[in-house]
>>> print(open('input-v3.pdb').read())   # PDB, C-alpha atoms, pLDDT in the B column
ATOM      1  CA  MET G 331      67.650  43.965 -17.792  1.00 81.00           C
ATOM      2  CA  GLN G 332      67.791  41.522 -14.908  1.00 94.00           C
ATOM      3  CA  ILE G 333      69.861  42.421 -11.856  1.00 96.00           C
ATOM      4  CA  LYS G 334      72.305  39.633 -10.944  1.00 96.00           C
ATOM      5  CA  ASN G 335      73.221  41.050  -7.573  1.00 98.00           C
ATOM      6  CA  GLN G 336      72.547  44.179  -5.536  1.00 98.00           C
ATOM      7  CA  ILE G 337      73.832  45.773  -2.345  1.00 98.00           C
ATOM      8  CA  LYS G 338      72.509  48.813  -0.493  1.00 98.00           C
ATOM      9  CA  ILE G 339      74.563  50.646   2.107  1.00 98.00           C
ATOM     10  CA  SER G 340      73.756  53.661   4.283  1.00 97.00           C
ATOM     11  CA  LEU G 341      76.706  55.753   5.411  1.00 96.00           C
ATOM     12  CA  GLN G 342      76.831  58.643   7.810  1.00 95.00           C
ATOM     13  CA  SER G 343      78.081  61.748   5.987  1.00 94.00           C
ATOM     14  CA  LEU G 344      81.642  61.596   7.356  1.00 94.00           C
ATOM     15  CA  SER G 345      84.980  61.690   5.530  1.00 93.00           C
ATOM     16  CA  GLU G 346      85.994  58.501   7.402  1.00 94.00           C
ATOM     17  CA  ASN G 347      83.334  56.624   5.426  1.00 96.00           C
ATOM     18  CA  ILE G 348      84.627  57.553   1.948  1.00 97.00           C
ATOM     19  CA  GLY G 349      87.215  54.761   2.130  1.00 97.00           C
ATOM     20  CA  ILE G 350      84.528  52.277   3.202  1.00 97.00           C
ATOM     21  CA  ALA G 351      82.393  53.253   0.180  1.00 98.00           C
ATOM     22  CA  ARG G 352      85.417  52.796  -2.082  1.00 97.00           C
ATOM     23  CA  LEU G 353      86.248  49.410  -0.613  1.00 97.00           C
ATOM     24  CA  ALA G 354      82.628  48.246  -0.920  1.00 98.00           C
ATOM     25  CA  ALA G 355      82.545  49.321  -4.580  1.00 98.00           C
ATOM     26  CA  ALA G 356      85.838  47.555  -5.322  1.00 98.00           C
ATOM     27  CA  THR G 357      84.704  44.352  -3.577  1.00 97.00           C
ATOM     28  CA  PHE G 358      81.320  44.379  -5.320  1.00 98.00           C
ATOM     29  CA  SER G 359      83.041  45.050  -8.668  1.00 97.00           C
ATOM     30  CA  ALA G 360      85.207  41.951  -8.207  1.00 95.00           C
ATOM     31  CA  GLN G 361      82.173  39.906  -9.295  1.00 95.00           C
ATOM     32  CA  ALA G 362      82.541  41.375 -12.761  1.00 95.00           C
ATOM     33  CA  ASN G 363      85.560  40.641 -14.910  1.00 89.00           C
ATOM     34  CA  PHE G 364      87.082  44.074 -14.524  1.00 96.00           C
ATOM     35  CA  THR G 365      90.821  44.522 -14.848  1.00 95.00           C
ATOM     36  CA  LEU G 366      92.778  45.835 -11.865  1.00 93.00           C
ATOM     37  CA  ASN G 367      93.100  49.121 -13.733  1.00 94.00           C
ATOM     38  CA  GLU G 368      89.313  49.338 -14.173  1.00 96.00           C
ATOM     39  CA  VAL G 369      88.761  48.622 -10.464  1.00 97.00           C
ATOM     40  CA  GLU G 370      91.163  51.475  -9.647  1.00 96.00           C
ATOM     41  CA  GLU G 371      89.133  53.763 -11.916  1.00 97.00           C
ATOM     42  CA  ILE G 372      85.887  52.707 -10.205  1.00 98.00           C
ATOM     43  CA  LYS G 373      87.443  53.446  -6.804  1.00 98.00           C
ATOM     44  CA  VAL G 374      88.377  56.989  -7.888  1.00 98.00           C
ATOM     45  CA  ALA G 375      84.904  57.645  -9.346  1.00 98.00           C
ATOM     46  CA  ILE G 376      83.116  56.378  -6.192  1.00 98.00           C
ATOM     47  CA  SER G 377      85.495  58.354  -3.998  1.00 98.00           C
ATOM     48  CA  GLU G 378      84.690  61.543  -5.927  1.00 96.00           C
ATOM     49  CA  ALA G 379      80.931  60.979  -5.794  1.00 97.00           C
ATOM     50  CA  VAL G 380      80.846  60.200  -2.059  1.00 97.00           C
ATOM     51  CA  SER G 381      83.296  63.048  -1.270  1.00 95.00           C
ATOM     52  CA  ASN G 382      80.986  65.466  -3.101  1.00 93.00           C
ATOM     53  CA  ALA G 383      78.075  64.289  -0.963  1.00 94.00           C
ATOM     54  CA  VAL G 384      80.104  64.609   2.277  1.00 93.00           C
ATOM     55  CA  ILE G 385      81.450  68.071   1.372  1.00 88.00           C
ATOM     56  CA  HIS G 386      78.526  69.723  -0.331  1.00 82.00           C
ATOM     57  CA  ALA G 387      75.250  68.034   0.538  1.00 80.00           C
ATOM     58  CA  TYR G 388      74.827  68.622   4.238  1.00 80.00           C
ATOM     59  CA  GLU G 389      75.580  71.257   6.877  1.00 75.00           C
ATOM     60  CA  LYS G 390      75.829  68.522   9.509  1.00 72.00           C
ATOM     61  CA  SER G 391      77.657  65.203   9.614  1.00 69.00           C
ATOM     62  CA  ASP G 392      74.819  63.102  11.044  1.00 75.00           C
ATOM     63  CA  GLU G 393      72.983  62.871   7.721  1.00 91.00           C
ATOM     64  CA  VAL G 394      72.953  59.787   5.559  1.00 95.00           C
ATOM     65  CA  ILE G 395      74.400  58.956   2.133  1.00 97.00           C
ATOM     66  CA  GLU G 396      72.891  55.925   0.426  1.00 98.00           C
ATOM     67  CA  LEU G 397      74.757  53.669  -1.964  1.00 98.00           C
ATOM     68  CA  ILE G 398      73.090  51.162  -4.284  1.00 98.00           C
ATOM     69  CA  PHE G 399      75.271  48.940  -6.448  1.00 98.00           C
ATOM     70  CA  ASN G 400      73.638  46.787  -9.148  1.00 98.00           C
ATOM     71  CA  LEU G 401      75.403  44.043 -11.062  1.00 98.00           C
ATOM     72  CA  TYR G 402      74.031  43.265 -14.530  1.00 97.00           C
ATOM     73  CA  VAL G 403      75.376  40.814 -17.056  1.00 95.00           C
ATOM     74  CA  ASP G 404      77.059  43.564 -19.082  1.00 95.00           C
ATOM     75  CA  LYS G 405      77.594  46.432 -16.645  1.00 97.00           C
ATOM     76  CA  VAL G 406      77.780  47.527 -13.017  1.00 98.00           C
ATOM     77  CA  GLU G 407      75.696  50.480 -11.887  1.00 98.00           C
ATOM     78  CA  TYR G 408      76.685  52.588  -8.861  1.00 98.00           C
ATOM     79  CA  ILE G 409      74.074  54.967  -7.446  1.00 98.00           C
ATOM     80  CA  ILE G 410      75.034  57.531  -4.790  1.00 98.00           C
ATOM     81  CA  ILE G 411      72.136  59.356  -3.154  1.00 97.00           C
ATOM     82  CA  ASP G 412      72.078  62.230  -0.685  1.00 96.00           C
ATOM     83  CA  HIS G 413      69.085  64.138   0.626  1.00 94.00           C
ATOM     84  CA  GLY G 414      70.945  67.398   1.101  1.00 93.00           C
ATOM     85  CA  LYS G 415      71.069  70.867  -0.422  1.00 92.00           C
ATOM     86  CA  GLY G 416      71.074  69.880  -4.076  1.00 92.00           C
ATOM     87  CA  ILE G 417      73.088  71.415  -6.932  1.00 91.00           C
ATOM     88  CA  ALA G 418      71.753  74.714  -8.319  1.00 87.00           C
ATOM     89  CA  ASP G 419      73.459  74.477 -11.716  1.00 87.00           C
ATOM     90  CA  ILE G 420      74.502  70.957 -12.725  1.00 89.00           C
ATOM     91  CA  ALA G 421      76.074  72.081 -16.042  1.00 88.00           C
ATOM     92  CA  GLU G 422      78.292  74.554 -14.150  1.00 87.00           C
ATOM     93  CA  ALA G 423      79.208  71.949 -11.477  1.00 85.00           C
ATOM     94  CA  ARG G 424      80.317  69.505 -14.182  1.00 85.00           C
ATOM     95  CA  LYS G 425      82.882  71.942 -15.605  1.00 82.00           C
ATOM     96  CA  PRO G 426      86.428  70.738 -14.719  1.00 76.00           C
ATOM     97  CA  SER G 427      87.513  74.028 -13.154  1.00 69.00           C
ATOM     98  CA  TYR G 428      84.396  74.528 -11.071  1.00 59.00           C
ATOM     99  CA  SER G 429      84.829  74.408  -7.303  1.00 63.00           C
ATOM    100  CA  SER G 430      83.173  76.228  -4.457  1.00 58.00           C
ATOM    101  CA  ASP G 431      86.336  75.719  -2.357  1.00 64.00           C
ATOM    102  CA  PRO G 432      89.793  77.133  -3.321  1.00 59.00           C
ATOM    103  CA  GLU G 433      91.480  74.072  -1.755  1.00 67.00           C
ATOM    104  CA  ARG G 434      89.683  71.798  -4.178  1.00 66.00           C
ATOM    105  CA  MET G 435      90.292  71.345  -7.865  1.00 68.00           C
ATOM    106  CA  GLY G 436      86.753  70.911  -9.097  1.00 78.00           C
ATOM    107  CA  LEU G 437      87.813  67.707 -10.812  1.00 88.00           C
ATOM    108  CA  GLY G 438      85.290  65.410  -9.124  1.00 92.00           C
ATOM    109  CA  PHE G 439      82.790  65.157 -11.967  1.00 93.00           C
ATOM    110  CA  ALA G 440      85.598  65.249 -14.576  1.00 92.00           C
ATOM    111  CA  PHE G 441      87.188  62.170 -12.971  1.00 94.00           C
ATOM    112  CA  MET G 442      83.801  60.411 -12.759  1.00 96.00           C
ATOM    113  CA  GLU G 443      83.221  61.162 -16.434  1.00 95.00           C
ATOM    114  CA  SER G 444      86.710  60.026 -17.467  1.00 94.00           C
ATOM    115  CA  PHE G 445      86.686  56.754 -15.565  1.00 97.00           C
ATOM    116  CA  MET G 446      83.110  55.566 -16.053  1.00 98.00           C
ATOM    117  CA  ASP G 447      81.044  54.860 -19.171  1.00 98.00           C
ATOM    118  CA  GLU G 448      77.988  56.799 -18.009  1.00 98.00           C
ATOM    119  CA  LEU G 449      77.435  59.649 -15.556  1.00 97.00           C
ATOM    120  CA  GLN G 450      73.975  60.966 -14.737  1.00 97.00           C
ATOM    121  CA  ILE G 451      73.262  63.631 -12.153  1.00 96.00           C
ATOM    122  CA  ASN G 452      69.768  64.400 -10.922  1.00 96.00           C
ATOM    123  CA  SER G 453      69.442  67.136  -8.360  1.00 95.00           C
ATOM    124  CA  GLU G 454      66.761  69.286  -6.833  1.00 94.00           C
ATOM    125  CA  ILE G 455      67.407  72.225  -4.505  1.00 94.00           C
ATOM    126  CA  GLY G 456      66.528  71.285  -0.937  1.00 92.00           C
ATOM    127  CA  MET G 457      65.786  67.694  -1.913  1.00 93.00           C
ATOM    128  CA  GLY G 458      69.202  66.223  -2.686  1.00 94.00           C
ATOM    129  CA  THR G 459      71.302  64.752  -5.437  1.00 96.00           C
ATOM    130  CA  THR G 460      71.478  61.347  -7.092  1.00 97.00           C
ATOM    131  CA  VAL G 461      74.588  60.414  -9.050  1.00 98.00           C
ATOM    132  CA  ARG G 462      74.403  57.339 -11.278  1.00 98.00           C
ATOM    133  CA  LEU G 463      77.624  55.867 -12.588  1.00 98.00           C
ATOM    134  CA  VAL G 464      77.896  52.926 -14.959  1.00 98.00           C
ATOM    135  CA  LYS G 465      80.929  50.843 -15.869  1.00 98.00           C
ATOM    136  CA  LYS G 466      80.481  48.452 -18.769  1.00 97.00           C
ATOM    137  CA  ILE G 467      81.875  44.929 -18.479  1.00 95.00           C
ATOM    138  CA  SER G 468      83.887  44.181 -21.583  1.00 85.00           C
ATOM    139  CA  ASN G 469      84.128  40.464 -20.750  1.00 71.00           C
ATOM    140  CA  HIS G 470      80.618  39.302 -19.766  1.00 62.00           C
ATOM    141  CA  ASP G 471      81.757  36.073 -18.118  1.00 58.00           C
ATOM    142  CA  ILE G 472      80.707  36.993 -14.575  1.00 51.00           C
ATOM    143  CA  HIS G 473      82.350  35.075 -11.749  1.00 52.00           C
TER
ATOM    144  CA  MET A 696      96.391  57.669   5.959  1.00 95.00           C
ATOM    145  CA  LYS A 697      99.520  57.763   8.074  1.00 97.00           C
ATOM    146  CA  ILE A 698     101.694  60.896   8.016  1.00 97.00           C
ATOM    147  CA  THR A 699     105.262  61.159   9.293  1.00 97.00           C
ATOM    148  CA  THR A 700     107.461  64.227   9.068  1.00 97.00           C
ATOM    149  CA  ALA A 701     111.178  64.942   9.254  1.00 97.00           C
ATOM    150  CA  ILE A 702     113.349  67.968   8.549  1.00 96.00           C
ATOM    151  CA  THR A 703     116.439  67.305   6.420  1.00 93.00           C
ATOM    152  CA  LYS A 704     118.771  70.225   5.596  1.00 92.00           C
ATOM    153  CA  GLY A 705     115.951  72.666   6.328  1.00 94.00           C
ATOM    154  CA  VAL A 706     113.540  70.822   4.009  1.00 96.00           C
ATOM    155  CA  LEU A 707     110.322  69.348   5.384  1.00 97.00           C
ATOM    156  CA  VAL A 708     109.917  65.738   4.231  1.00 97.00           C
ATOM    157  CA  VAL A 709     106.325  64.521   4.600  1.00 98.00           C
ATOM    158  CA  LYS A 710     105.978  60.776   4.183  1.00 97.00           C
ATOM    159  CA  LEU A 711     102.465  59.538   3.509  1.00 98.00           C
ATOM    160  CA  SER A 712     101.216  55.983   3.702  1.00 98.00           C
ATOM    161  CA  GLY A 713      97.829  54.566   2.716  1.00 97.00           C
ATOM    162  CA  GLU A 714      94.949  56.194   0.850  1.00 97.00           C
ATOM    163  CA  PHE A 715      95.104  59.945   0.193  1.00 97.00           C
ATOM    164  CA  ASP A 716      91.449  61.027   0.065  1.00 96.00           C
ATOM    165  CA  MET A 717      89.431  63.809   1.671  1.00 94.00           C
ATOM    166  CA  HIS A 718      89.921  62.323   5.145  1.00 93.00           C
ATOM    167  CA  GLY A 719      93.708  62.185   4.762  1.00 94.00           C
ATOM    168  CA  ALA A 720      93.765  65.570   3.012  1.00 95.00           C
ATOM    169  CA  GLU A 721      92.628  67.375   6.163  1.00 92.00           C
ATOM    170  CA  CYS A 722      95.438  65.815   8.266  1.00 94.00           C
ATOM    171  CA  PHE A 723      97.996  66.598   5.531  1.00 97.00           C
ATOM    172  CA  ARG A 724      96.928  70.249   5.356  1.00 96.00           C
ATOM    173  CA  GLU A 725      97.042  70.723   9.136  1.00 96.00           C
ATOM    174  CA  THR A 726     100.458  69.048   9.403  1.00 97.00           C
ATOM    175  CA  VAL A 727     102.149  70.940   6.545  1.00 98.00           C
ATOM    176  CA  ASP A 728     100.565  74.308   7.384  1.00 97.00           C
ATOM    177  CA  GLU A 729     101.853  74.055  10.955  1.00 97.00           C
ATOM    178  CA  TYR A 730     105.431  73.900   9.587  1.00 97.00           C
ATOM    179  CA  LEU A 731     104.803  76.626   6.972  1.00 97.00           C
ATOM    180  CA  ASN A 732     103.019  79.010   9.339  1.00 96.00           C
ATOM    181  CA  ASN A 733     104.939  78.548  12.564  1.00 95.00           C
ATOM    182  CA  MET A 734     108.317  76.930  11.924  1.00 95.00           C
ATOM    183  CA  GLY A 735     109.781  78.958   9.062  1.00 94.00           C
ATOM    184  CA  ILE A 736     109.716  76.046   6.583  1.00 97.00           C
ATOM    185  CA  LYS A 737     109.294  76.939   2.912  1.00 96.00           C
ATOM    186  CA  ASP A 738     110.602  73.868   1.060  1.00 97.00           C
ATOM    187  CA  VAL A 739     108.615  70.616   1.153  1.00 97.00           C
ATOM    188  CA  VAL A 740     109.143  67.108  -0.233  1.00 97.00           C
ATOM    189  CA  VAL A 741     106.005  64.942  -0.316  1.00 98.00           C
ATOM    190  CA  ASP A 742     106.916  61.244  -0.301  1.00 97.00           C
ATOM    191  CA  LEU A 743     104.102  59.258  -1.952  1.00 97.00           C
ATOM    192  CA  GLU A 744     105.953  55.940  -2.199  1.00 96.00           C
ATOM    193  CA  GLU A 745     103.503  54.195   0.150  1.00 97.00           C
ATOM    194  CA  VAL A 746     100.385  55.936  -1.142  1.00 98.00           C
ATOM    195  CA  VAL A 747      98.216  53.393  -2.970  1.00 97.00           C
ATOM    196  CA  PHE A 748      95.292  55.670  -3.833  1.00 97.00           C
ATOM    197  CA  ILE A 749      94.690  59.346  -4.518  1.00 97.00           C
ATOM    198  CA  ASP A 750      91.630  61.293  -5.655  1.00 96.00           C
ATOM    199  CA  SER A 751      90.928  64.962  -6.386  1.00 94.00           C
ATOM    200  CA  SER A 752      90.777  65.793  -2.650  1.00 95.00           C
ATOM    201  CA  GLY A 753      94.373  64.589  -2.206  1.00 96.00           C
ATOM    202  CA  ILE A 754      95.528  66.415  -5.337  1.00 95.00           C
ATOM    203  CA  GLY A 755      93.647  69.550  -4.310  1.00 94.00           C
ATOM    204  CA  VAL A 756      95.324  69.763  -0.928  1.00 95.00           C
ATOM    205  CA  ILE A 757      98.788  69.300  -2.494  1.00 96.00           C
ATOM    206  CA  LEU A 758      97.927  72.075  -4.953  1.00 94.00           C
ATOM    207  CA  GLY A 759      96.755  74.263  -2.077  1.00 94.00           C
ATOM    208  CA  ARG A 760     100.144  73.808  -0.375  1.00 96.00           C
ATOM    209  CA  TYR A 761     101.880  74.539  -3.719  1.00 95.00           C
ATOM    210  CA  LYS A 762     100.104  77.916  -3.932  1.00 94.00           C
ATOM    211  CA  LYS A 763     101.000  78.720  -0.342  1.00 95.00           C
ATOM    212  CA  ILE A 764     104.662  77.701  -0.830  1.00 97.00           C
ATOM    213  CA  MET A 765     104.930  79.747  -4.043  1.00 96.00           C
ATOM    214  CA  HIS A 766     103.750  82.731  -2.022  1.00 96.00           C
ATOM    215  CA  LEU A 767     106.565  82.013   0.477  1.00 96.00           C
ATOM    216  CA  LYS A 768     109.004  81.728  -2.470  1.00 97.00           C
ATOM    217  CA  GLY A 769     109.686  78.104  -1.561  1.00 97.00           C
ATOM    218  CA  THR A 770     109.515  74.809  -3.463  1.00 96.00           C
ATOM    219  CA  ILE A 771     107.389  71.672  -3.227  1.00 97.00           C
ATOM    220  CA  CYS A 772     108.020  68.405  -5.062  1.00 97.00           C
ATOM    221  CA  LEU A 773     106.960  64.754  -5.035  1.00 97.00           C
ATOM    222  CA  VAL A 774     108.918  61.556  -4.487  1.00 97.00           C
ATOM    223  CA  GLY A 775     108.280  57.864  -5.248  1.00 94.00           C
ATOM    224  CA  VAL A 776     104.921  58.046  -7.036  1.00 96.00           C
ATOM    225  CA  GLN A 777     103.323  54.659  -7.821  1.00 95.00           C
ATOM    226  CA  ASP A 778     101.976  54.115 -11.347  1.00 95.00           C
ATOM    227  CA  SER A 779      98.275  54.059 -10.362  1.00 94.00           C
ATOM    228  CA  VAL A 780      98.700  57.333  -8.452  1.00 97.00           C
ATOM    229  CA  LYS A 781     100.804  58.875 -11.232  1.00 96.00           C
ATOM    230  CA  LYS A 782      98.020  58.233 -13.743  1.00 95.00           C
ATOM    231  CA  ILE A 783      95.578  60.296 -11.637  1.00 95.00           C
ATOM    232  CA  LEU A 784      98.154  63.068 -11.104  1.00 96.00           C
ATOM    233  CA  GLU A 785      98.805  63.216 -14.862  1.00 95.00           C
ATOM    234  CA  LEU A 786      95.110  63.420 -15.656  1.00 92.00           C
ATOM    235  CA  SER A 787      94.664  66.296 -13.203  1.00 92.00           C
ATOM    236  CA  GLY A 788      97.438  68.323 -14.865  1.00 91.00           C
ATOM    237  CA  VAL A 789      99.388  68.957 -11.627  1.00 92.00           C
ATOM    238  CA  LEU A 790     102.514  67.294 -13.017  1.00 95.00           C
ATOM    239  CA  LYS A 791     102.921  70.348 -15.256  1.00 94.00           C
ATOM    240  CA  ILE A 792     103.853  72.291 -12.130  1.00 94.00           C
ATOM    241  CA  LEU A 793     105.054  69.609  -9.691  1.00 95.00           C
ATOM    242  CA  LYS A 794     108.279  67.726 -10.287  1.00 95.00           C
ATOM    243  CA  ILE A 795     108.652  64.047  -9.321  1.00 96.00           C
ATOM    244  CA  TYR A 796     112.016  62.832  -8.017  1.00 95.00           C
ATOM    245  CA  SER A 797     112.986  59.196  -7.699  1.00 91.00           C
ATOM    246  CA  SER A 798     114.366  59.484  -4.174  1.00 91.00           C
ATOM    247  CA  GLU A 799     114.140  61.682  -1.116  1.00 90.00           C
ATOM    248  CA  PHE A 800     117.903  62.237  -1.277  1.00 88.00           C
ATOM    249  CA  GLU A 801     117.702  63.491  -4.864  1.00 90.00           C
ATOM    250  CA  ALA A 802     114.735  65.735  -4.058  1.00 90.00           C
ATOM    251  CA  VAL A 803     116.347  67.328  -0.989  1.00 87.00           C
ATOM    252  CA  SER A 804     119.607  67.834  -2.919  1.00 84.00           C
ATOM    253  CA  CYS A 805     117.820  69.551  -5.816  1.00 80.00           C
ATOM    254  CA  LEU A 806     115.677  71.960  -3.760  1.00 79.00           C
TER
END
>>> encode(input="input-v3.pdb", output="structure tokens")
Amino acid sequence: MQIKNQIKISLQSLSENIGIARLAAATFSAQANFTLNEVEEIKVAISEAVSNAVIHAYEKSDEVIELIFNLYVDKVEYIIIDHGKGIADIAEARKPSYSSDPERMGLGFAFMESFMDELQINSEIGMGTTVRLVKKISNHDIH
Amino acid sequence: MKITTAITKGVLVVKLSGEFDMHGAECFRETVDEYLNNMGIKDVVVDLEEVVFIDSSGIGVILGRYKKIMHLKGTICLVGVQDSVKKILELSGVLKILKIYSSEFEAVSCL
């Protein structure tokens, strides 16, 4: 399907940049006819995906997280890429209670799954992780 | 995220403003733990009235303080939660253990 619009952003792996990723996703999503509630859901899902990359992917903060957002006529696709450690067991990481840190709830993937229509995770140890999120546009009349 | 603190009747009131994500979570943890570890505080009211966004990092750090405060035999509760934030809190299940009060006065009086 033809892409109507695309943006690519590179972010340094810092917690300060999670809000920027969220804002970029919300602004990009404004081109689709999402409701305010749906935009809020997208913001949470993007926040979880980028937070995961910042927390888990790298030992250092000077590495890069890439974001690619694609607008189609019937959906928006959000791709979050890191080139870090990778996830050893994706099925385990997707479980709602799973967390490698006692201060965290392990709800990141559960929130992404709840708020988006599709969630795909591709990961390879030592190579990195790509998370692909899709939100369908119920009203196709794109601004 | 902006954090301001006050002590009312021995209760720490932490007022948050802005977006409560992983970046804000670190500041929140450091601020609250300083009072819990070094100032003899064991009851905490978290005022979320001006918080417009929360994700699992924000919820996780509140839950972390809850566990710590339970260990101290204290209490932690929330005040002034906006609808969009409440929806995320409900989905996470933390509202089964954290009570929401409508005002700081009510919260401090009930602790």
>>> closest_atom_pairs(input="input-v3.pdb", of="chain A", to="chain G", cutoff="6 Å", atoms="all atoms listed in the file", output="tab-separated table")
residue	atom	partner	partner_atom	distance
A:His718	CA	G:Ser345	CA	5.0
A:Asp750	CA	G:Val374	CA	5.8
A:Gly755	CA	G:Arg434	CA	4.6
A:Val756	CA	G:Glu433	CA	5.8
A:Gly759	CA	G:Glu433	CA	5.3
>>> residues_around(input="input-v3.pdb", residues="Ile451 (chain G)", least_positions_apart="5", cutoff="8 Å", atoms="only C-alpha atoms", output="list in words")
Ile420, Thr459, Thr460, Val461 and Arg462 of chain G
>>> resolve_selection(input="input-v3.pdb", expression="the PyMOL selection byres ((chain A and resi 715) around 6)", output="list in words")
Glu714, Asp716, Gly719, Phe748, Ile749 and Gly753 of chain A
>>> write_last_selection(input="input-v3.pdb", atoms="C-alpha atoms", output="mmCIF file, keeping the file's coordinate frame")
data_model
loop_
_atom_site.group_PDB
_atom_site.id
_atom_site.type_symbol
_atom_site.label_atom_id
_atom_site.label_comp_id
_atom_site.auth_asym_id
_atom_site.auth_seq_id
_atom_site.Cartn_x
_atom_site.Cartn_y
_atom_site.Cartn_z
ATOM 1 C CA GLU A 714 94.949 56.194 0.850
ATOM 2 C CA ASP A 716 91.449 61.027 0.065
ATOM 3 C CA GLY A 719 93.708 62.185 4.762
ATOM 4 C CA PHE A 748 95.292 55.670 -3.833
ATOM 5 C CA ILE A 749 94.690 59.346 -4.518
ATOM 6 C CA GLY A 753 94.373 64.589 -2.206
#
>>> closest_residue(input="input-v3.pdb", among="A:Lys704, A:Lys710, A:Lys737, A:Arg724", to="Met765 (chain A)", atoms="only C-alpha atoms")
A:Lys737
>>> axis_aligned_box(input="input-v3.pdb", around="region 344-363 of chain G", padding_each_side="6 Å", output="lines of an AutoDock Vina configuration file")
center_x = 84.3
center_y = 50.8
center_z = -3.8
size_x = 17.9
size_y = 33.8
size_z = 34.3
>>> atom_distance(input="input-v3.pdb", atom1="CA of Lys405 (chain G)", atom2="CA of Ala355 (chain G)")
13.4 Å
>>> atom_distance(input="input-v3.pdb", atom1="CA of Tyr730 (chain A)", atom2="CA of Thr699 (chain A)")
12.7 Å
>>> resolve_selection(input="input-v3.pdb", expression="the PyMOL selection byres ((chain G and resi 358) around 9)", output="PDB file with C-alpha atoms, keeping the file's coordinate frame")
ATOM      1  CA  GLN G 336      72.547  44.179  -5.536  1.00 98.00           C
ATOM      2  CA  ILE G 337      73.832  45.773  -2.345  1.00 98.00           C
ATOM      3  CA  LEU G 353      86.248  49.410  -0.613  1.00 97.00           C
ATOM      4  CA  ALA G 354      82.628  48.246  -0.920  1.00 98.00           C
ATOM      5  CA  ALA G 355      82.545  49.321  -4.580  1.00 98.00           C
ATOM      6  CA  ALA G 356      85.838  47.555  -5.322  1.00 98.00           C
ATOM      7  CA  THR G 357      84.704  44.352  -3.577  1.00 97.00           C
ATOM      8  CA  SER G 359      83.041  45.050  -8.668  1.00 97.00           C
ATOM      9  CA  ALA G 360      85.207  41.951  -8.207  1.00 95.00           C
ATOM     10  CA  GLN G 361      82.173  39.906  -9.295  1.00 95.00           C
ATOM     11  CA  ALA G 362      82.541  41.375 -12.761  1.00 95.00           C
ATOM     12  CA  PHE G 399      75.271  48.940  -6.448  1.00 98.00           C
ATOM     13  CA  ASN G 400      73.638  46.787  -9.148  1.00 98.00           C
ATOM     14  CA  LEU G 401      75.403  44.043 -11.062  1.00 98.00           C
TER      15      LEU G 401
END
>>> decode(input="input-v3.pdb", residues="region 371-382 of chain G", atoms="N, CA and C atoms", output="mmCIF file, in the first residue's frame")
data_model
loop_
_atom_site.group_PDB
_atom_site.id
_atom_site.type_symbol
_atom_site.label_atom_id
_atom_site.label_comp_id
_atom_site.auth_asym_id
_atom_site.auth_seq_id
_atom_site.Cartn_x
_atom_site.Cartn_y
_atom_site.Cartn_z
ATOM 1 N N GLU G 371 -3.666 7.064 23.450
ATOM 2 C CA GLU G 371 -3.238 5.661 23.442
ATOM 3 C C GLU G 371 -1.934 5.493 22.655
ATOM 4 N N ILE G 372 -1.844 6.185 21.520
ATOM 5 C CA ILE G 372 -0.618 6.128 20.704
ATOM 6 C C ILE G 372 0.564 6.665 21.516
ATOM 7 N N LYS G 373 0.330 7.771 22.227
ATOM 8 C CA LYS G 373 1.414 8.360 23.033
ATOM 9 C C LYS G 373 1.939 7.370 24.084
ATOM 10 N N VAL G 374 1.014 6.646 24.735
ATOM 11 C CA VAL G 374 1.439 5.674 25.750
ATOM 12 C C VAL G 374 2.256 4.558 25.084
ATOM 13 N N ALA G 375 1.735 4.044 23.952
ATOM 14 C CA ALA G 375 2.426 2.933 23.274
ATOM 15 C C ALA G 375 3.835 3.340 22.823
ATOM 16 N N ILE G 376 3.967 4.538 22.244
ATOM 17 C CA ILE G 376 5.287 5.021 21.787
ATOM 18 C C ILE G 376 6.211 5.220 22.985
ATOM 19 N N SER G 377 5.649 5.772 24.052
ATOM 20 C CA SER G 377 6.435 6.002 25.266
ATOM 21 C C SER G 377 6.998 4.688 25.800
ATOM 22 N N GLU G 378 6.168 3.646 25.797
ATOM 23 C CA GLU G 378 6.609 2.332 26.287
ATOM 24 C C GLU G 378 7.713 1.757 25.391
ATOM 25 N N ALA G 379 7.517 1.864 24.081
ATOM 26 C CA ALA G 379 8.492 1.285 23.152
ATOM 27 C C ALA G 379 9.842 1.998 23.254
ATOM 28 N N VAL G 380 9.811 3.330 23.301
ATOM 29 C CA VAL G 380 11.073 4.088 23.364
ATOM 30 C C VAL G 380 11.716 3.921 24.752
ATOM 31 N N SER G 381 10.898 3.874 25.806
ATOM 32 C CA SER G 381 11.450 3.639 27.158
ATOM 33 C C SER G 381 12.169 2.296 27.207
ATOM 34 N N ASN G 382 11.568 1.270 26.626
ATOM 35 C CA ASN G 382 12.205 -0.054 26.590
ATOM 36 C C ASN G 382 13.578 0.034 25.937
#
